[in-house]
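Listing of model23.txt, compact mmCIF, C-alpha atoms
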```
# COMPACT_ATOMS: atom_id res chain seq x y z
CA MET A 1 0.00 0.00 0.00
CA ALA A 2 1.06 3.58 -0.64
CA SER A 3 2.91 5.49 2.04
CA PHE A 4 1.93 9.03 2.96
CA GLU A 5 5.43 9.64 4.36
CA LYS A 6 7.07 8.91 1.00
CA ALA A 7 4.52 10.93 -0.95
CA PHE A 8 4.76 13.85 1.47
CA ASN A 9 8.55 13.95 1.13
CA ILE A 10 8.14 14.31 -2.64
CA LEU A 11 5.38 16.90 -2.22
CA GLU A 12 7.62 19.00 0.03
CA LYS A 13 10.26 19.15 -2.69
CA TRP A 14 7.77 20.62 -5.17
CA GLU A 15 5.88 22.92 -2.84
CA GLY A 16 9.03 24.54 -1.49
CA GLY A 17 8.62 27.31 1.06
CA TYR A 18 7.17 30.80 1.09
CA SER A 19 6.03 32.30 -2.22
CA ASN A 20 4.11 35.33 -3.35
CA HIS A 21 4.64 35.35 -7.12
CA PHE A 22 2.75 38.18 -8.78
CA LEU A 23 1.56 35.93 -11.63
CA ASP A 24 0.35 33.11 -9.40
CA THR A 25 -3.44 33.26 -9.19
CA GLY A 26 -3.18 31.27 -5.95
CA GLY A 27 -1.56 34.28 -4.35
CA GLU A 28 0.57 34.05 -1.25
CA THR A 29 1.49 30.51 -0.27
CA TYR A 30 3.60 28.58 2.17
CA LYS A 31 4.48 25.02 1.18
CA GLY A 32 1.62 25.11 -1.32
CA ILE A 33 -1.02 26.23 1.17
CA THR A 34 -2.67 29.43 -0.02
CA ARG A 35 -3.51 32.21 2.38
CA LYS A 36 -6.73 33.02 0.52
CA ASN A 37 -8.07 29.46 0.93
CA TYR A 38 -6.60 28.66 4.35
CA PRO A 39 -6.14 31.95 6.22
CA ASN A 40 -6.29 30.34 9.67
CA MET A 41 -3.12 28.26 9.39
CA SER A 42 -0.86 29.21 12.31
CA PHE A 43 2.12 30.13 10.16
CA TRP A 44 0.41 33.14 8.53
CA SER A 45 0.72 35.25 11.67
CA ILE A 46 4.41 34.39 11.89
CA ILE A 47 4.92 35.23 8.23
CA ASP A 48 3.15 38.57 8.77
CA GLU A 49 5.49 39.42 11.64
CA LEU A 50 8.56 38.43 9.62
CA LYS A 51 7.39 40.55 6.68
CA LYS A 52 6.93 43.54 9.01
CA GLU A 53 10.55 43.01 10.01
CA ARG A 54 11.40 43.03 6.29
CA ARG A 55 12.85 39.55 6.51
CA SER A 56 13.82 37.88 3.24
CA LYS A 57 12.01 34.92 1.70
CA ASN A 58 15.02 32.81 2.65
CA ASP A 59 14.81 33.98 6.29
CA ILE A 60 11.09 33.19 6.38
CA ASP A 61 11.72 29.70 5.00
CA ILE A 62 14.51 28.96 7.50
CA ILE A 63 12.56 30.23 10.51
CA LEU A 64 9.40 28.31 9.61
CA LEU A 65 11.29 25.15 8.70
CA ASP A 66 12.84 25.14 12.18
CA ASN A 67 9.39 25.31 13.80
CA VAL A 68 8.41 21.68 14.44
CA ASP A 69 4.82 22.54 15.36
CA ILE A 70 4.27 24.36 12.05
CA GLN A 71 5.85 21.55 10.05
CA ASN A 72 3.61 19.01 11.82
CA GLU A 73 0.57 21.21 11.19
CA ILE A 74 1.40 21.25 7.46
CA LYS A 75 1.98 17.51 7.29
CA ASN A 76 -1.28 16.79 9.14
CA PHE A 77 -3.11 19.24 6.88
CA TYR A 78 -2.01 17.44 3.71
CA LYS A 79 -2.81 14.03 5.14
CA LYS A 80 -6.28 15.01 6.34
CA TYR A 81 -7.43 17.25 3.49
CA TYR A 82 -5.81 15.54 0.52
CA TRP A 83 -4.36 12.08 1.11
CA ASP A 84 -7.19 10.74 3.28
CA ILE A 85 -9.97 12.30 1.16
CA ILE A 86 -9.10 9.97 -1.73
CA ASN A 87 -8.03 7.04 0.44
CA CYS A 88 -4.49 6.97 -0.88
CA ASP A 89 -3.49 4.54 1.90
CA GLU A 90 -5.54 1.91 0.02
CA ILE A 91 -3.77 2.40 -3.31
CA GLU A 92 -1.35 -0.39 -4.15
CA ASN A 93 0.79 1.61 -6.57
CA GLU A 94 2.92 4.12 -4.67
CA ASP A 95 3.52 6.27 -7.76
CA PHE A 96 -0.17 6.51 -8.62
CA ALA A 97 -1.01 7.61 -5.08
CA THR A 98 1.80 10.17 -5.10
CA ASN A 99 0.61 11.55 -8.44
CA LEU A 100 -2.89 11.95 -7.01
CA LEU A 101 -1.52 13.85 -4.01
CA LEU A 102 0.73 16.13 -6.07
CA LEU A 103 -1.97 17.04 -8.57
CA SER A 104 -4.64 17.43 -5.87
CA VAL A 105 -2.49 19.98 -4.11
CA ASN A 106 -1.58 21.82 -7.30
CA ALA A 107 -4.90 21.76 -9.17
CA GLY A 108 -7.55 20.54 -6.74
CA ILE A 109 -8.89 17.16 -5.72
CA LYS A 110 -11.60 17.06 -8.39
CA ARG A 111 -9.02 17.66 -11.16
CA ALA A 112 -6.78 14.91 -9.74
CA ILE A 113 -9.73 12.52 -9.62
CA LYS A 114 -10.61 13.31 -13.25
CA VAL A 115 -7.03 12.77 -14.40
CA GLY A 116 -6.86 9.54 -12.40
CA GLN A 117 -10.14 8.34 -13.88
CA GLU A 118 -8.95 9.04 -17.40
CA ALA A 119 -5.64 7.30 -16.69
CA CYS A 120 -7.51 4.24 -15.37
CA LYS A 121 -9.81 4.31 -18.40
CA ILE A 122 -13.04 4.62 -16.46
CA VAL A 123 -15.86 7.17 -16.67
CA VAL A 124 -14.45 10.66 -16.11
CA ASP A 125 -16.87 12.56 -13.89
CA GLY A 126 -14.68 13.84 -11.06
CA ILE A 127 -16.72 11.89 -8.53
CA TYR A 128 -14.84 9.69 -6.09
CA GLY A 129 -17.25 6.76 -5.88
CA ILE A 130 -16.92 3.00 -5.50
CA LYS A 131 -15.74 2.35 -9.08
CA THR A 132 -13.15 5.12 -8.94
CA ARG A 133 -11.93 3.98 -5.52
CA GLU A 134 -11.41 0.45 -6.81
CA ALA A 135 -9.78 1.57 -10.07
CA PHE A 136 -7.35 3.77 -8.12
CA ARG A 137 -6.63 0.96 -5.65
CA VAL A 138 -5.42 -1.38 -8.41
CA ALA A 139 -3.91 1.18 -10.80
CA ASP A 140 -0.81 -0.11 -12.56
CA TYR A 141 2.30 1.53 -14.02
CA ILE A 142 0.60 2.09 -17.37
CA SER A 143 -1.96 4.15 -15.47
CA VAL A 144 0.90 6.11 -13.88
CA GLU A 145 2.38 6.90 -17.30
CA LEU A 146 -1.02 7.92 -18.65
CA PHE A 147 -1.64 10.04 -15.57
CA ASN A 148 1.57 11.97 -16.25
CA LEU A 149 0.68 12.55 -19.91
CA ILE A 150 -2.86 13.66 -19.10
CA GLU A 151 -1.57 15.96 -16.36
CA ILE A 152 0.89 17.61 -18.76
CA LYS A 153 -1.91 18.08 -21.28
CA PHE A 154 -3.95 19.76 -18.55
CA TYR A 155 -1.09 22.14 -17.69
CA ASN A 156 -0.66 23.04 -21.36
CA SER A 157 -4.38 23.86 -21.49
CA LEU A 158 -3.89 26.26 -18.57
CA VAL A 159 -1.24 28.10 -20.57
CA GLU A 160 -3.52 28.24 -23.62
CA LYS A 161 -6.30 29.75 -21.49
CA ARG A 162 -3.98 32.14 -19.67
CA PRO A 163 -0.65 32.79 -21.42
CA ALA A 164 0.79 34.37 -18.25
CA ASN A 165 0.89 30.83 -16.83
CA ARG A 166 3.72 30.00 -19.22
CA VAL A 167 6.16 31.11 -16.52
CA PHE A 168 5.02 28.10 -14.44
CA LEU A 169 4.80 25.51 -17.24
CA ASN A 170 8.32 24.04 -17.01
CA GLY A 171 7.95 23.60 -13.27
CA TRP A 172 4.56 21.94 -13.69
CA ILE A 173 5.91 19.59 -16.35
CA ASN A 174 8.94 18.72 -14.21
CA ARG A 175 6.60 18.06 -11.30
CA SER A 176 4.46 15.79 -13.50
CA ASN A 177 7.52 13.87 -14.69
CA ALA A 178 8.95 13.52 -11.17
CA ILE A 179 7.01 10.31 -10.65
```
What does the file become when written as structure tokens?
Amino acid sequence: MASFEKAFNILEKWEGGYSNHFLDTGGETYKGITRKNYPNMSFWSIIDELKKERRSKNDIDIILLDNVDIQNEIKNFYKKYYWDIINCDEIENEDFATNLLLLSVNAGIKRAIKVGQEACKIVVDGIYGIKTREAFRVADYISVELFNLIEIKFYNSLVEKRPANRVFLNGWINRSNAI
């Protein structure tokens, strides 16, 4: 069965630290968690204080990374609101489960479910029901490869719809190909 610990370690690599890129429609984020969607995470008040002190992005990252409580809060957040929602612990293929987590965080759970459904060659409706749960549980390496291709196609469509997203495309593709 898939391991959250392994998947989370990969997720951390791609989500990095503090970011507030002017072209990112997600806005201000820390380790992939957006302030606009999750304003009550404990680290936002610390980030606000550090910004008042005119601390650099690097300083913010180092200070928050050293805070064990914040790092545990983030890990628990991803497990509860992403990994557990789609029962990734039940998935036999580690890479498929990790792909679901990475895409869920980057593009939303419904998008990840749709990509997973298409990769497993079942009805694509974005609903995580019994058939989807079983298809994900037994997904094979062909499904992993298809998932990556479908995910890249999705990211290219984001650039077509909003050309300013091109600045993120290489990173998204690298993230897709990481598994």
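With distances restricted to all atoms listed in the file, A:Leu64 is the closest residue to A:Gly16 from A:Val144, A:Ala112, A:Leu64, A:Ile130.
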d(atom CA of A:Asp48, atom CA of A:Val68) in Å: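 We find that atom CA of A:Asp48 and atom CA of A:Val68 lie 18.6 Å from each other.
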Write out as a PyMOL selection string the residues lying within 8 Å of A:Ser176, counting only C-alpha atoms and excluding same-chain residues fewer than 6 positions away. chain A and resi 99+148+151-152
Residues just named, written with C-alpha atoms as a CSV table (one decimal), keeping the file's coordinate frame:
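Wrote it out as result.csv, contents follow:
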```csv
chain,number,residue,atom,x,y,z
A,99,ASN,CA,0.6,11.6,-8.4
A,148,ASN,CA,1.6,12.0,-16.2
A,151,GLU,CA,-1.6,16.0,-16.4
A,152,ILE,CA,0.9,17.6,-18.8
```
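Rounded to one decimal, atom CA of A:Glu118 and atom CA of A:Ile142 lie 11.8 Å from each other.
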What is the distance between atom CA of A:Gly116 and atom CA of A:Thr25, in Å to one decimal?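 So the answer is 24.2 Å.
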Tell me which of A:Leu149, A:Ile47, A:Ile85, A:Leu65 sits closest to A:Val105, counting all atoms listed in the file.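 Of A:Leu149, A:Ile47, A:Ile85, A:Leu65, the one nearest A:Val105, counting all atoms listed in the file, is A:Ile85.
Of the listed residues (A:Glu160, A:Glu12, A:Asp24, A:Glu134), A:Glu134 comes nearest to A:Cys88; the distances count all atoms listed in the file.
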Anything within 10 Å of (-9.3, 2.6, -1.0): list those residues as a PyMOL selection string, counting all atoms listed in the file and sticking to the file's coordinates. chain A and resi 1+84-92+130+132-138
Using all atoms listed in the file, which residues sit within 8 Å of A:Ile60 once same-chain residues fewer than 5 positions away are excluded, as a list of chain:residue names? A:Tyr18, A:Ile47, A:Leu50, A:Arg55
Can you list every residue of stretch 104-177 of chain A that has an atom at most 12 Å from stretch 26-43 of chain A, with its nearest atom pair and the distance in Å to one decimal, using only C-alpha atoms, ordered by chain then number, as a tab-separated table?
```
residue	atom	partner	partner_atom	distance
A:Ser104	CA	A:Gly32	CA	10.9
A:Val105	CA	A:Gly32	CA	7.1
A:Asn106	CA	A:Gly32	CA	7.5
A:Ala107	CA	A:Gly26	CA	10.2
A:Gly108	CA	A:Gly32	CA	11.6
A:Asn165	CA	A:Gly26	CA	11.6
```
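When only C-alpha atoms are used to compute distances to A:Glu49, the closest of the residues A:Ile63, A:Ala164, A:Leu102, A:Ile173 turns out to be A:Ile63.
Here the question is which of A:Asn72, A:Ala119, A:Asn58, A:Ala97 gets nearest to A:Ser19 using only C-alpha atoms, and that residue is A:Asn58.
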If we count all atoms listed in the file, what is near A:Ile10 at a cut-off of 10 Å, once residues fewer than 2 positions away on the same chain are taken out, given as a list in words?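 Answer for this query is Phe4, Glu5, Lys6, Ala7, Phe8, Glu12, Lys13, Trp14, Glu15, Thr98, Asn99, Leu101, Leu102, Arg175, Ala178 and Ile179 of chain A.
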